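Next up, work-v2.pdb (PDB, C-alpha atoms and all ligand atoms):
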ATOM      1  CA  MET V   1     -15.889  -1.138 -23.724
ATOM      2  CA  SER V   2     -13.861   1.780 -22.407
ATOM      3  CA  GLU V   3     -12.204   4.639 -24.268
ATOM      4  CA  LEU V   4      -9.631   7.312 -23.538
ATOM      5  CA  ARG V   5     -10.608  10.972 -23.706
ATOM      6  CA  TRP V   6      -8.062  13.757 -23.810
ATOM      7  CA  HIS V   7      -8.170  16.401 -21.077
ATOM      8  CA  PRO V   8      -6.764  19.416 -22.946
ATOM      9  CA  LEU V   9      -6.469  21.581 -19.804
ATOM     10  CA  LEU V  10      -4.362  19.110 -17.861
ATOM     11  CA  ARG V  11      -2.920  17.410 -20.920
ATOM     12  CA  GLU V  12      -3.659  13.913 -19.714
ATOM     13  CA  TRP V  13      -5.899  10.955 -20.595
ATOM     14  CA  VAL V  14      -9.120  10.105 -18.799
ATOM     15  CA  VAL V  15     -10.315   6.491 -18.973
ATOM     16  CA  VAL V  16     -14.059   6.444 -19.604
ATOM     17  CA  ALA V  17     -15.276   3.018 -18.517
ATOM     18  CA  ALA V  18     -19.028   3.274 -18.054
ATOM     19  CA  HIS V  19     -19.397  -0.498 -17.828
ATOM     20  CA  ARG V  20     -17.549  -0.389 -14.502
ATOM     21  CA  GLN V  21     -20.674   1.180 -12.963
ATOM     22  CA  ASP V  22     -22.178  -2.301 -13.000
ATOM     23  CA  ARG V  23     -19.422  -3.644 -10.771
ATOM     24  CA  PRO V  24     -20.989  -5.528  -7.873
ATOM     25  CA  GLN V  25     -20.054  -4.782  -4.287
ATOM     26  CA  MET V  26     -19.852  -8.512  -3.832
ATOM     27  CA  PRO V  27     -21.654 -10.858  -6.247
ATOM     28  CA  ALA V  28     -24.688 -12.621  -4.797
ATOM     29  CA  GLU V  29     -23.374 -15.960  -6.023
ATOM     30  CA  GLY V  30     -20.310 -15.575  -3.820
ATOM     31  CA  CYS V  31     -16.736 -14.442  -4.202
ATOM     32  CA  PRO V  32     -15.309 -15.315  -7.630
ATOM     33  CA  PHE V  33     -11.778 -15.276  -6.182
ATOM     34  CA  CYS V  34     -12.493 -18.126  -3.754
ATOM     35  CA  PRO V  35     -11.779 -21.769  -4.653
ATOM     36  CA  GLY V  36     -15.096 -23.434  -5.464
ATOM     37  CA  SER V  37     -16.361 -20.464  -7.485
ATOM     38  CA  GLY V  38     -15.555 -22.199 -10.765
ATOM     39  CA  ARG V  39     -13.628 -19.060 -11.774
ATOM     40  CA  VAL V  40     -10.289 -19.951 -10.171
ATOM     41  CA  PRO V  41      -8.352 -23.212  -9.715
ATOM     42  CA  GLU V  42      -9.471 -25.351  -6.797
ATOM     43  CA  ASP V  43      -6.011 -25.210  -5.355
ATOM     44  CA  TYR V  44      -3.863 -22.144  -5.878
ATOM     45  CA  ASP V  45      -1.150 -20.219  -4.044
ATOM     46  CA  VAL V  46      -1.257 -16.992  -6.006
ATOM     47  CA  TYR V  47      -3.265 -16.527  -9.185
ATOM     48  CA  LEU V  48      -3.518 -14.075 -12.056
ATOM     49  CA  TYR V  49      -7.213 -13.433 -12.704
ATOM     50  CA  PRO V  50      -8.457 -11.437 -15.695
ATOM     51  CA  ASN V  51     -10.325  -8.311 -14.565
ATOM     52  CA  ASP V  52     -14.089  -8.831 -15.097
ATOM     53  CA  PHE V  53     -14.562  -5.070 -15.567
ATOM     54  CA  PRO V  54     -11.380  -4.014 -17.372
ATOM     55  CA  ALA V  55     -10.429  -0.366 -17.823
ATOM     56  CA  PHE V  56      -7.919  -1.481 -20.468
ATOM     57  CA  SER V  57      -8.291  -4.506 -22.716
ATOM     58  CA  LEU V  58      -6.503  -6.005 -25.697
ATOM     59  CA  ASP V  59      -9.973  -6.258 -27.295
ATOM     60  CA  ASN V  60     -10.312  -2.457 -27.345
ATOM     61  CA  PRO V  61      -9.336  -0.469 -30.465
ATOM     62  CA  PRO V  62      -5.654   0.552 -30.546
ATOM     63  CA  PHE V  63      -4.248   3.578 -28.762
ATOM     64  CA  SER V  64      -3.609   5.921 -31.703
ATOM     65  CA  PRO V  65      -4.611   9.470 -30.826
ATOM     66  CA  GLU V  66      -5.304  11.974 -33.607
ATOM     67  CA  PRO V  67      -4.925  15.728 -33.072
ATOM     68  CA  GLY V  68      -7.972  17.743 -31.948
ATOM     69  CA  LEU V  69      -9.595  19.240 -28.898
ATOM     70  CA  PHE V  70     -12.372  16.667 -28.463
ATOM     71  CA  ARG V  71     -10.315  13.623 -29.194
ATOM     72  CA  SER V  72     -10.703  10.077 -27.959
ATOM     73  CA  THR V  73      -8.853   6.868 -28.687
ATOM     74  CA  GLY V  74      -8.875   3.163 -27.901
ATOM     75  CA  ALA V  75      -8.058   1.993 -24.392
ATOM     76  CA  ARG V  76      -6.027  -0.970 -25.560
ATOM     77  CA  GLY V  77      -3.988  -2.483 -22.756
ATOM     78  CA  LEU V  78      -4.304  -5.074 -20.040
ATOM     79  CA  THR V  79      -5.682  -5.308 -16.547
ATOM     80  CA  ASP V  80      -5.044  -8.264 -14.281
ATOM     81  CA  VAL V  81      -6.177  -9.023 -10.787
ATOM     82  CA  VAL V  82      -3.455 -10.622  -8.666
ATOM     83  CA  LEU V  83      -5.011 -12.978  -6.145
ATOM     84  CA  TYR V  84      -2.636 -13.085  -3.191
ATOM     85  CA  HIS V  85      -4.103 -16.085  -1.395
ATOM     86  CA  PRO V  86      -7.063 -18.519  -1.621
ATOM     87  CA  ASN V  87      -8.255 -17.549   1.879
ATOM     88  CA  HIS V  88     -10.987 -14.907   1.524
ATOM     89  CA  ASN V  89     -10.550 -13.460   5.005
ATOM     90  CA  LEU V  90      -6.795 -13.121   5.158
ATOM     91  CA  ALA V  91      -5.449  -9.575   5.421
ATOM     92  CA  PRO V  92      -2.336  -8.876   3.306
ATOM     93  CA  SER V  93      -0.377  -8.406   6.557
ATOM     94  CA  GLU V  94      -1.239 -12.002   7.460
ATOM     95  CA  LEU V  95       0.371 -13.521   4.391
ATOM     96  CA  SER V  96       3.605 -15.217   5.389
ATOM     97  CA  ARG V  97       6.932 -13.937   4.148
ATOM     98  CA  GLU V  98       7.169 -17.053   1.959
ATOM     99  CA  HIS V  99       3.778 -16.242   0.517
ATOM    100  CA  TRP V 100       4.671 -12.609  -0.171
ATOM    101  CA  ARG V 101       7.662 -13.988  -2.067
ATOM    102  CA  LYS V 102       5.209 -15.832  -4.348
ATOM    103  CA  VAL V 103       3.384 -12.547  -4.954
ATOM    104  CA  VAL V 104       6.682 -10.795  -5.763
ATOM    105  CA  ASP V 105       7.557 -13.578  -8.214
ATOM    106  CA  LEU V 106       4.159 -13.287  -9.911
ATOM    107  CA  TRP V 107       4.555  -9.487 -10.212
ATOM    108  CA  THR V 108       8.001 -10.037 -11.727
ATOM    109  CA  ARG V 109       6.893 -12.668 -14.216
ATOM    110  CA  ARG V 110       3.908 -10.622 -15.328
ATOM    111  CA  THR V 111       5.977  -7.424 -15.584
ATOM    112  CA  ARG V 112       8.397  -9.236 -17.884
ATOM    113  CA  GLU V 113       5.527 -10.554 -20.054
ATOM    114  CA  LEU V 114       3.735  -7.213 -20.319
ATOM    115  CA  GLN V 115       6.931  -5.277 -21.052
ATOM    116  CA  GLN V 116       7.340  -7.453 -24.136
ATOM    117  CA  GLN V 117       3.852  -6.621 -25.451
ATOM    118  CA  PRO V 118       4.274  -4.022 -28.215
ATOM    119  CA  GLU V 119       1.232  -2.022 -27.032
ATOM    120  CA  ILE V 120       2.286  -1.701 -23.406
ATOM    121  CA  GLN V 121       4.258   1.389 -22.396
ATOM    122  CA  TYR V 122       4.042   1.066 -18.645
ATOM    123  CA  VAL V 123       3.430  -1.800 -16.212
ATOM    124  CA  PHE V 124       1.674  -0.485 -13.136
ATOM    125  CA  VAL V 125       1.489  -2.856 -10.169
ATOM    126  CA  PHE V 126      -0.681  -1.685  -7.286
ATOM    127  CA  GLU V 127      -3.083  -2.643  -4.531
ATOM    128  CA  ASN V 128      -6.100  -0.955  -2.988
ATOM    129  CA  THR V 129      -7.042  -2.347   0.392
ATOM    130  CA  GLY V 130      -9.943  -1.488   2.692
ATOM    131  CA  ALA V 131     -13.583  -0.524   2.285
ATOM    132  CA  ALA V 132     -12.603   3.089   3.066
ATOM    133  CA  ILE V 133     -10.579   3.099  -0.171
ATOM    134  CA  GLY V 134     -13.623   1.848  -2.091
ATOM    135  CA  VAL V 135     -12.531  -1.750  -2.565
ATOM    136  CA  THR V 136     -15.482  -3.859  -3.687
ATOM    137  CA  MET V 137     -13.918  -7.247  -2.906
ATOM    138  CA  PRO V 138     -12.504  -8.067   0.526
ATOM    139  CA  HIS V 139     -10.580 -11.096  -0.826
ATOM    140  CA  PRO V 140      -6.811 -10.276  -0.605
ATOM    141  CA  HIS V 141      -5.726  -9.074  -4.019
ATOM    142  CA  GLY V 142      -3.844  -6.455  -5.973
ATOM    143  CA  GLN V 143      -3.863  -5.370  -9.609
ATOM    144  CA  ILE V 144      -1.606  -4.912 -12.609
ATOM    145  CA  TYR V 145      -2.424  -2.426 -15.352
ATOM    146  CA  GLY V 146      -0.599  -2.533 -18.667
ATOM    147  CA  PHE V 147      -0.869   1.093 -19.855
ATOM    148  CA  PRO V 148      -0.754   1.974 -23.576
ATOM    149  CA  PHE V 149       0.836   5.298 -22.564
ATOM    150  CA  LEU V 150       3.116   6.586 -19.823
ATOM    151  CA  PRO V 151       0.827   7.715 -16.964
ATOM    152  CA  PRO V 152       1.395  11.340 -15.878
ATOM    153  CA  LEU V 153       2.825  10.740 -12.405
ATOM    154  CA  ALA V 154       5.299   8.187 -13.728
ATOM    155  CA  GLU V 155       6.276  10.653 -16.443
ATOM    156  CA  ARG V 156       6.714  13.482 -13.943
ATOM    157  CA  GLU V 157       8.917  11.391 -11.659
ATOM    158  CA  LEU V 158      10.991  10.200 -14.589
ATOM    159  CA  GLY V 159      11.537  13.816 -15.636
ATOM    160  CA  ALA V 160      12.780  14.760 -12.154
ATOM    161  CA  ALA V 161      15.074  11.725 -12.005
ATOM    162  CA  ARG V 162      16.461  12.392 -15.488
ATOM    163  CA  GLU V 163      17.177  16.047 -14.698
ATOM    164  CA  HIS V 164      18.940  15.205 -11.422
ATOM    165  CA  TRP V 165      21.015  12.576 -13.239
ATOM    166  CA  GLN V 166      21.993  15.034 -15.953
ATOM    167  CA  GLN V 167      22.840  17.824 -13.505
ATOM    168  CA  THR V 168      24.700  15.843 -10.845
ATOM    169  CA  GLY V 169      25.628  12.549 -12.494
ATOM    170  CA  ARG V 170      23.862  10.782  -9.630
ATOM    171  CA  CYS V 171      20.576   8.971  -9.046
ATOM    172  CA  LEU V 172      17.895  11.089  -7.363
ATOM    173  CA  TYR V 173      16.576   8.130  -5.378
ATOM    174  CA  CYS V 174      20.042   6.990  -4.247
ATOM    175  CA  ASP V 175      20.617  10.547  -2.991
ATOM    176  CA  ILE V 176      17.274  10.604  -1.132
ATOM    177  CA  LEU V 177      17.981   7.207   0.424
ATOM    178  CA  GLY V 178      21.481   8.308   1.434
ATOM    179  CA  GLY V 179      20.044  11.436   3.058
ATOM    180  CA  GLU V 180      17.354   9.497   4.924
ATOM    181  CA  ILE V 181      19.871   6.935   6.224
ATOM    182  CA  ALA V 182      22.284   9.690   7.305
ATOM    183  CA  ASP V 183      19.480  11.526   9.145
ATOM    184  CA  GLY V 184      17.878   8.394  10.586
ATOM    185  CA  ARG V 185      14.817  10.059  12.161
ATOM    186  CA  ARG V 186      12.427   8.922   9.460
ATOM    187  CA  LEU V 187      13.636   5.322   9.034
ATOM    188  CA  VAL V 188      10.986   2.686   9.755
ATOM    189  CA  ALA V 189      12.476  -0.729   8.931
ATOM    190  CA  ALA V 190      15.269  -2.159   6.791
ATOM    191  CA  ASN V 191      17.050  -5.351   5.797
ATOM    192  CA  ALA V 192      20.158  -6.238   3.771
ATOM    193  CA  SER V 193      18.678  -5.139   0.409
ATOM    194  CA  PHE V 194      15.857  -2.668   1.177
ATOM    195  CA  CYS V 195      15.170   0.314   3.359
ATOM    196  CA  GLY V 196      11.733   1.667   4.360
ATOM    197  CA  PHE V 197      11.208   5.226   5.583
ATOM    198  CA  VAL V 198       8.616   7.975   5.867
ATOM    199  CA  PRO V 199       9.997  10.433   3.332
ATOM    200  CA  PHE V 200      10.812  13.985   4.431
ATOM    201  CA  PHE V 201       8.308  15.103   1.781
ATOM    202  CA  ALA V 202       5.499  12.654   2.699
ATOM    203  CA  ARG V 203       2.088  13.652   1.321
ATOM    204  CA  TRP V 204      -0.006  10.974   3.045
ATOM    205  CA  PRO V 205      -0.291  10.311   6.780
ATOM    206  CA  ALA V 206       2.298   7.655   7.701
ATOM    207  CA  GLU V 207       3.341   7.321   4.055
ATOM    208  CA  VAL V 208       6.198   4.821   3.684
ATOM    209  CA  GLN V 209       8.502   4.348   0.730
ATOM    210  CA  ILE V 210      10.705   1.283   0.296
ATOM    211  CA  TYR V 211      13.860   1.651  -1.828
ATOM    212  CA  PRO V 212      16.327  -1.050  -2.815
ATOM    213  CA  ARG V 213      19.797  -0.173  -1.503
ATOM    214  CA  ARG V 214      21.276  -1.191  -4.859
ATOM    215  CA  HIS V 215      20.416   1.061  -7.801
ATOM    216  CA  THR V 216      17.869  -1.049  -9.710
ATOM    217  CA  GLU V 217      15.280  -0.020 -12.322
ATOM    218  CA  ALA V 218      12.635  -2.724 -12.154
ATOM    219  CA  LEU V 219      11.444  -5.901 -10.473
ATOM    220  CA  THR V 220      12.901  -7.918 -13.321
ATOM    221  CA  ARG V 221      16.457  -6.891 -12.318
ATOM    222  CA  PHE V 222      16.376  -8.209  -8.743
ATOM    223  CA  SER V 223      18.494 -11.136  -7.547
ATOM    224  CA  GLU V 224      16.979 -14.048  -5.609
ATOM    225  CA  ALA V 225      18.157 -12.526  -2.338
ATOM    226  CA  GLU V 226      16.680  -9.140  -3.235
ATOM    227  CA  ALA V 227      13.291 -10.624  -4.174
ATOM    228  CA  GLU V 228      13.342 -12.423  -0.827
ATOM    229  CA  ASP V 229      14.200  -9.219   1.048
ATOM    230  CA  LEU V 230      11.508  -7.218  -0.780
ATOM    231  CA  ALA V 231       8.868  -9.763   0.275
ATOM    232  CA  ALA V 232      10.172  -9.672   3.856
ATOM    233  CA  LEU V 233      10.088  -5.883   4.121
ATOM    234  CA  ILE V 234       6.610  -5.564   2.543
ATOM    235  CA  LYS V 235       5.369  -8.137   5.065
ATOM    236  CA  LEU V 236       7.006  -6.252   7.959
ATOM    237  CA  VAL V 237       5.658  -2.839   6.932
ATOM    238  CA  ARG V 238       2.143  -4.262   6.422
ATOM    239  CA  MET V 239       2.151  -5.753   9.915
ATOM    240  CA  LYS V 240       3.310  -2.463  11.402
ATOM    241  CA  TYR V 241       0.564  -0.594   9.545
ATOM    242  CA  ASP V 242      -2.160  -2.903  10.830
ATOM    243  CA  ASN V 243      -0.854  -2.534  14.359
ATOM    244  CA  LEU V 244      -0.412   1.218  14.278
ATOM    245  CA  TYR V 245      -4.070   1.781  15.221
ATOM    246  CA  GLY V 246      -5.048  -1.851  15.849
ATOM    247  CA  LEU V 247      -7.178  -2.043  12.709
ATOM    248  CA  PRO V 248      -6.500  -3.160   9.140
ATOM    249  CA  MET V 249      -4.959  -0.070   7.555
ATOM    250  CA  PRO V 250      -6.866   1.118   4.454
ATOM    251  CA  LEU V 251      -4.154   1.905   1.966
ATOM    252  CA  MET V 252      -2.846   2.000  -1.562
ATOM    253  CA  MET V 253       0.402   0.215  -2.382
ATOM    254  CA  ILE V 254       2.154   1.390  -5.535
ATOM    255  CA  LEU V 255       5.158  -0.173  -7.296
ATOM    256  CA  ARG V 256       7.112   2.349  -9.341
ATOM    257  CA  GLN V 257       9.043   0.795 -12.182
ATOM    258  CA  SER V 258      10.837   2.199 -15.188
ATOM    259  CA  PRO V 259       8.782   2.375 -18.430
ATOM    260  CA  ALA V 260       8.312  -0.808 -20.432
ATOM    261  CA  LYS V 261      10.202   0.563 -23.421
ATOM    262  CA  GLY V 262      13.574   2.312 -23.742
ATOM    263  CA  GLU V 263      16.536   2.679 -21.398
ATOM    264  CA  HIS V 264      16.084   4.655 -18.181
ATOM    265  CA  PRO V 265      19.338   4.232 -16.234
ATOM    266  CA  TYR V 266      18.426   7.149 -13.934
ATOM    267  CA  PHE V 267      15.302   5.432 -12.622
ATOM    268  CA  HIS V 268      15.286   3.523  -9.332
ATOM    269  CA  PHE V 269      12.541   1.020  -8.488
ATOM    270  CA  HIS V 270      10.596   1.652  -5.303
ATOM    271  CA  VAL V 271       7.380   0.901  -3.461
ATOM    272  CA  GLU V 272       5.087   3.607  -2.090
ATOM    273  CA  PHE V 273       2.381   3.137   0.533
ATOM    274  CA  TYR V 274      -0.429   5.670   0.840
ATOM    275  CA  PRO V 275      -2.379   4.906   4.030
ATOM    276  CA  ILE V 276      -5.518   7.011   4.381
ATOM    277  CA  GLN V 277      -6.048   6.593   8.139
ATOM    278  CA  ARG V 278      -4.681   9.752   9.750
ATOM    279  CA  SER V 279      -5.588   8.709  13.282
ATOM    280  CA  ALA V 280      -7.412   5.771  14.893
ATOM    281  CA  ALA V 281     -10.777   7.428  14.146
ATOM    282  CA  LYS V 282     -10.150   9.768  11.226
ATOM    283  CA  LEU V 283      -9.626   9.260   7.516
ATOM    284  CA  LYS V 284      -7.655  11.439   5.155
ATOM    285  CA  TYR V 285      -9.814  12.527   2.204
ATOM    286  CA  LEU V 286      -8.570  14.165  -0.923
ATOM    287  CA  ALA V 287     -10.543  17.405  -0.712
ATOM    288  CA  GLY V 288     -10.479  20.746  -2.498
ATOM    289  CA  ILE V 289      -6.859  21.578  -1.783
ATOM    290  CA  GLU V 290      -5.559  18.230  -3.064
ATOM    291  CA  SER V 291      -8.085  17.608  -5.860
ATOM    292  CA  GLY V 292      -8.439  21.200  -6.995
ATOM    293  CA  ALA V 293      -4.983  22.659  -6.427
ATOM    294  CA  GLY V 294      -2.862  19.511  -6.568
ATOM    295  CA  THR V 295      -1.219  20.469  -3.278
ATOM    296  CA  PHE V 296      -1.318  17.964  -0.462
ATOM    297  CA  LEU V 297      -2.090  19.027   3.051
ATOM    298  CA  ASN V 298      -0.555  16.494   5.420
ATOM    299  CA  ASP V 299      -1.550  17.097   8.999
ATOM    300  CA  THR V 300       0.925  14.564  10.336
ATOM    301  CA  VAL V 301       4.677  15.090  10.731
ATOM    302  CA  ALA V 302       6.968  12.583   8.996
ATOM    303  CA  GLU V 303       9.445  12.307  11.902
ATOM    304  CA  GLU V 304       6.656  11.646  14.403
ATOM    305  CA  ARG V 305       4.890   9.017  12.267
ATOM    306  CA  ALA V 306       8.188   7.287  11.476
ATOM    307  CA  ARG V 307       8.956   6.991  15.181
ATOM    308  CA  GLU V 308       5.498   5.522  15.856
ATOM    309  CA  LEU V 309       5.854   3.030  13.024
ATOM    310  CA  ARG V 310       9.371   2.088  14.167
ATOM    311  CA  GLU V 311       8.082   1.407  17.656
ATOM    312  CA  THR V 312       4.959  -0.486  16.510
ATOM    313  CA  GLU V 313       5.370  -4.247  16.880
ATOM    314  CA  PRO V 314       5.204  -6.139  13.568
ATOM    315  CA  ARG V 315       2.479  -8.648  14.361
ATOM    316  CA  THR V 316      -0.748  -9.643  12.687
ATOM    317  CA  LEU V 317      -4.082  -8.501  14.088
ATOM    318  CA  THR V 318      -5.860 -11.831  14.277
ATOM    319  CA  ASP V 319      -2.919 -13.743  15.640
ATOM    320  CA  GLY V 320      -3.373 -13.784  19.401
ATOM    321  CA  SER V 321       0.041 -15.307  19.999
ATOM    322  CA  GLY V 322       1.825 -12.162  19.008
ATOM    323  CA  LEU V 323       4.852 -11.957  16.799
ATOM    324  CA  SER V 324       4.490 -14.994  14.543
ATOM    325  CA  GLY V 325       2.569 -13.610  11.584
ATOM    326  CA  THR V 326       3.983 -16.349   9.391
ATOM    327  CA  ALA V 327       1.352 -19.006   9.869
ATOM    328  CA  ASP V 328      -0.789 -18.661   6.771
ATOM    329  CA  GLU V 329       0.121 -22.128   5.514
ATOM    330  CA  ASN V 330      -2.329 -23.665   7.975
ATOM    331  CA  ARG V 331      -5.161 -21.224   7.392
TER     332      ARG V 331
HETATM  333 ZN    ZN O 401     -13.013 -14.797  -1.804
HETATM  334 ZN    ZN O 402      19.486   4.859  -7.576
END
Full structure transcribed into structure tokens:
Amino acid sequence: MSELRWHPLLREWVVVAAHRQDRPQMPAEGCPFCPGSGRVPEDYDVYLYPNDFPAFSLDNPPFSPEPGLFRSTGARGLTDVVLYHPNHNLAPSELSREHWRKVVDLWTRRTRELQQQPEIQYVFVFENTGAAIGVTMPHPHGQIYGFPFLPPLAERELGAAREHWQQTGRCLYCDILGGEIADGRRLVAANASFCGFVPFFARWPAEVQIYPRRHTEALTRFSEAEAEDLAALIKLVRMKYDNLYGLPMPLMMILRQSPAKGEHPYFHFHVEFYPIQRSAAKLKYLAGIESGAGTFLNDTVAEERARELRETEPRTLTDGSGLSGTADENR
């Protein structure tokens, strides 16, 4: 069982989950996410799998912090694993656009369900990909955490968006997107509903953010056409990433949504990619300056990386025929 401990210096919660130490690199009996494991249906497209080593669980005591310096409380919440595809060896960039749409629909359905849970304050959809990130399972998957509190970075962003809204009457994200489109140098890829760019203020090498063109708070507010376009742009950006250096890009993919409770009209849904490969041979580590000072040192220039990503062909690595990248149905 895990618990939350209060960090009084940073005023944030730390999840203490000692049982996660026992997490296997890859279980000897085989991958539990593969059909035939007995843990998943024999035939699935996408599948919501309960985390075997949950940081948050509905079985934990409730989140009800008491005052005090050395305080702890229950880590009650939810953690799901989102299995993207039954094929163990498929990279996320190799999922077809149609298949990414199934992932988007699963994220949306689960977001709606978790937002209705009284305990859940924030639905955090994300993916870690690549051994360099520390991923223990190569099978293509992402995760969803149902937080019993608003995590600090979400809270900080909300504060900035709320202040901008109050001061200018406009959405912070709509203003950023407008500025990026007007400038054009940092745009990477776009379609009718979404726009992907390396932000002027990028912290990670080749960081990309994807914003919906229409002001929208959460996945659950998208139209059919928008869900379709989100899947298409995620697919396109993933292919470009994997082709940037000709290797599967180790990265984190983060979906930023408005909190599960309350009205947040100033918030604007978006996707953030944090790739950690800063060149074909070098990784970006969070070292003293980032971990100790909280200031990112990015030794790549946004305009330069955006141009490279724009010019990189969107094709999958294992697909010798080039541009298709939509052939996962026969894998
Ligand atoms: Zn597998
Ligand atoms: Zn907006």
At a cut-off of 8 Å and counting only C-alpha atoms and all ligand atoms, what residues surround ligand ZN 401 (chain O)? Please answer as a PDB file with C-alpha atoms, keeping the file's coordinate frame.
ATOM      1  CA  GLY V  30     -20.310 -15.575  -3.820  1.00  0.00           C
ATOM      2  CA  CYS V  31     -16.736 -14.442  -4.202  1.00  0.00           C
ATOM      3  CA  PRO V  32     -15.309 -15.315  -7.630  1.00  0.00           C
ATOM      4  CA  PHE V  33     -11.778 -15.276  -6.182  1.00  0.00           C
ATOM      5  CA  CYS V  34     -12.493 -18.126  -3.754  1.00  0.00           C
ATOM      6  CA  PRO V  35     -11.779 -21.769  -4.653  1.00  0.00           C
ATOM      7  CA  PRO V  86      -7.063 -18.519  -1.621  1.00  0.00           C
ATOM      8  CA  ASN V  87      -8.255 -17.549   1.879  1.00  0.00           C
ATOM      9  CA  HIS V  88     -10.987 -14.907   1.524  1.00  0.00           C
ATOM     10  CA  ASN V  89     -10.550 -13.460   5.005  1.00  0.00           C
ATOM     11  CA  MET V 137     -13.918  -7.247  -2.906  1.00  0.00           C
ATOM     12  CA  PRO V 138     -12.504  -8.067   0.526  1.00  0.00           C
ATOM     13  CA  HIS V 139     -10.580 -11.096  -0.826  1.00  0.00           C
ATOM     14  CA  PRO V 140      -6.811 -10.276  -0.605  1.00  0.00           C
TER      15      PRO V 140
END
Would you mind listing, for every residue of chain V within 12 Å of ligand ZN 402 (chain O), the two atoms forming the shortest contact and the distance between them in Å to one decimal, using only C-alpha atoms and all ligand atoms, sorted by chain and ascending residue number, as a tab-separated table?
residue	atom	partner	partner_atom	distance
V:Ala161	CA	O:ZN402	ZN	9.3
V:Arg162	CA	O:ZN402	ZN	11.3
V:His164	CA	O:ZN402	ZN	11.1
V:Trp165	CA	O:ZN402	ZN	9.7
V:Gly169	CA	O:ZN402	ZN	11.0
V:Arg170	CA	O:ZN402	ZN	7.6
V:Cys171	CA	O:ZN402	ZN	4.5
V:Leu172	CA	O:ZN402	ZN	6.4
V:Tyr173	CA	O:ZN402	ZN	4.9
V:Cys174	CA	O:ZN402	ZN	4.0
V:Asp175	CA	O:ZN402	ZN	7.4
V:Ile176	CA	O:ZN402	ZN	8.9
V:Leu177	CA	O:ZN402	ZN	8.5
V:Gly178	CA	O:ZN402	ZN	9.9
V:Tyr211	CA	O:ZN402	ZN	8.7
V:Pro212	CA	O:ZN402	ZN	8.2
V:Arg213	CA	O:ZN402	ZN	7.9
V:Arg214	CA	O:ZN402	ZN	6.9
V:His215	CA	O:ZN402	ZN	3.9
V:Thr216	CA	O:ZN402	ZN	6.5
V:Glu217	CA	O:ZN402	ZN	8.0
V:Ala218	CA	O:ZN402	ZN	11.2
V:Ser258	CA	O:ZN402	ZN	11.8
V:His264	CA	O:ZN402	ZN	11.1
V:Pro265	CA	O:ZN402	ZN	8.7
V:Tyr266	CA	O:ZN402	ZN	6.8
V:Phe267	CA	O:ZN402	ZN	6.6
V:His268	CA	O:ZN402	ZN	4.7
V:Phe269	CA	O:ZN402	ZN	8.0
V:His270	CA	O:ZN402	ZN	9.7
Quick one: everything within 12 Å of V:Ala192, counting only C-alpha atoms, minus sequence neighbours fewer than 3 positions away in the same chain. Send it as a compact mmCIF listing (two decimals) with C-alpha atoms, keeping the file's coordinate frame.
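Ended up saving to result24.txt:
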# COMPACT_ATOMS: atom_id res chain seq x y z
CA ALA V 189 12.48 -0.73 8.93
CA CYS V 195 15.17 0.31 3.36
CA GLY V 196 11.73 1.67 4.36
CA TYR V 211 13.86 1.65 -1.83
CA PRO V 212 16.33 -1.05 -2.82
CA ARG V 213 19.80 -0.17 -1.50
CA ARG V 214 21.28 -1.19 -4.86
CA ALA V 225 18.16 -12.53 -2.34
CA GLU V 226 16.68 -9.14 -3.24
CA ALA V 227 13.29 -10.62 -4.17
CA GLU V 228 13.34 -12.42 -0.83
CA ASP V 229 14.20 -9.22 1.05
CA LEU V 230 11.51 -7.22 -0.78
CA ALA V 232 10.17 -9.67 3.86
CA LEU V 233 10.09 -5.88 4.12
Worksheet item: Got a sec to resolve the PyMOL selection byres (((chain V and resi 54-67) around 7) and not hetatm) on this structure and send the residues as a PyMOL selection string?
Response: chain V and resi 1-2+15+17+51-53+68+71-79+148
Fill in: Matched chain/residue IDs from the PyMOL selection byres (((chain V and resi 296) around 12) and not hetatm), as a ChimeraX atom specification
/V:201-205,284-295,297-300
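Residue nearest V:Tyr44 within the list V:Glu119, V:Arg109, V:His85, V:Leu158: V:His85 [criterion: smallest interatomic distance, all atoms listed in the file].
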Item to complete: Taking the file above as input, evaluate the PyMOL selection byres (((chain V and resi 238) around 9) and not hetatm) and report the hits as JSON, numbers by chain.
Response: {"V": [92, 93, 94, 233, 234, 235, 236, 237, 239, 240, 241, 242, 243, 249, 314, 316]}
Item to complete: May I ask for the distance between atom CA of V:Leu283 and atom CA of V:Tyr245, given in Å to one decimal place?
Response: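 The value is 12.1 Å.
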Item to complete: In Å, rounded to a single decimal, give me how far atom CA of V:Pro250 is from atom CA of V:Ala91.
Response: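 Straight-line distance from atom CA of V:Ala91 to atom CA of V:Pro250 works out to 10.8 Å.
Straight-line separation from atom CA of V:Pro275 to atom CA of V:Glu224: 28.8 Å.
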Discussion item. What's around V:Val198 at 9 Å? Count all atoms listed in the file, leave out sequence neighbours fewer than 3 positions away in its own chain, and write the answer as number ranges by chain.
Written reply: V: 180, 186-188, 201-202, 206-210, 302-303, 305-306
Filtering to C-alpha atoms, could you give me those residues as a compact mmCIF listing (two decimals), in the frame of the given file?
# COMPACT_ATOMS: atom_id res chain seq x y z
CA GLU V 180 17.35 9.50 4.92
CA ARG V 186 12.43 8.92 9.46
CA LEU V 187 13.64 5.32 9.03
CA VAL V 188 10.99 2.69 9.76
CA PHE V 201 8.31 15.10 1.78
CA ALA V 202 5.50 12.65 2.70
CA ALA V 206 2.30 7.66 7.70
CA GLU V 207 3.34 7.32 4.06
CA VAL V 208 6.20 4.82 3.68
CA GLN V 209 8.50 4.35 0.73
CA ILE V 210 10.70 1.28 0.30
CA ALA V 302 6.97 12.58 9.00
CA GLU V 303 9.44 12.31 11.90
CA ARG V 305 4.89 9.02 12.27
CA ALA V 306 8.19 7.29 11.48
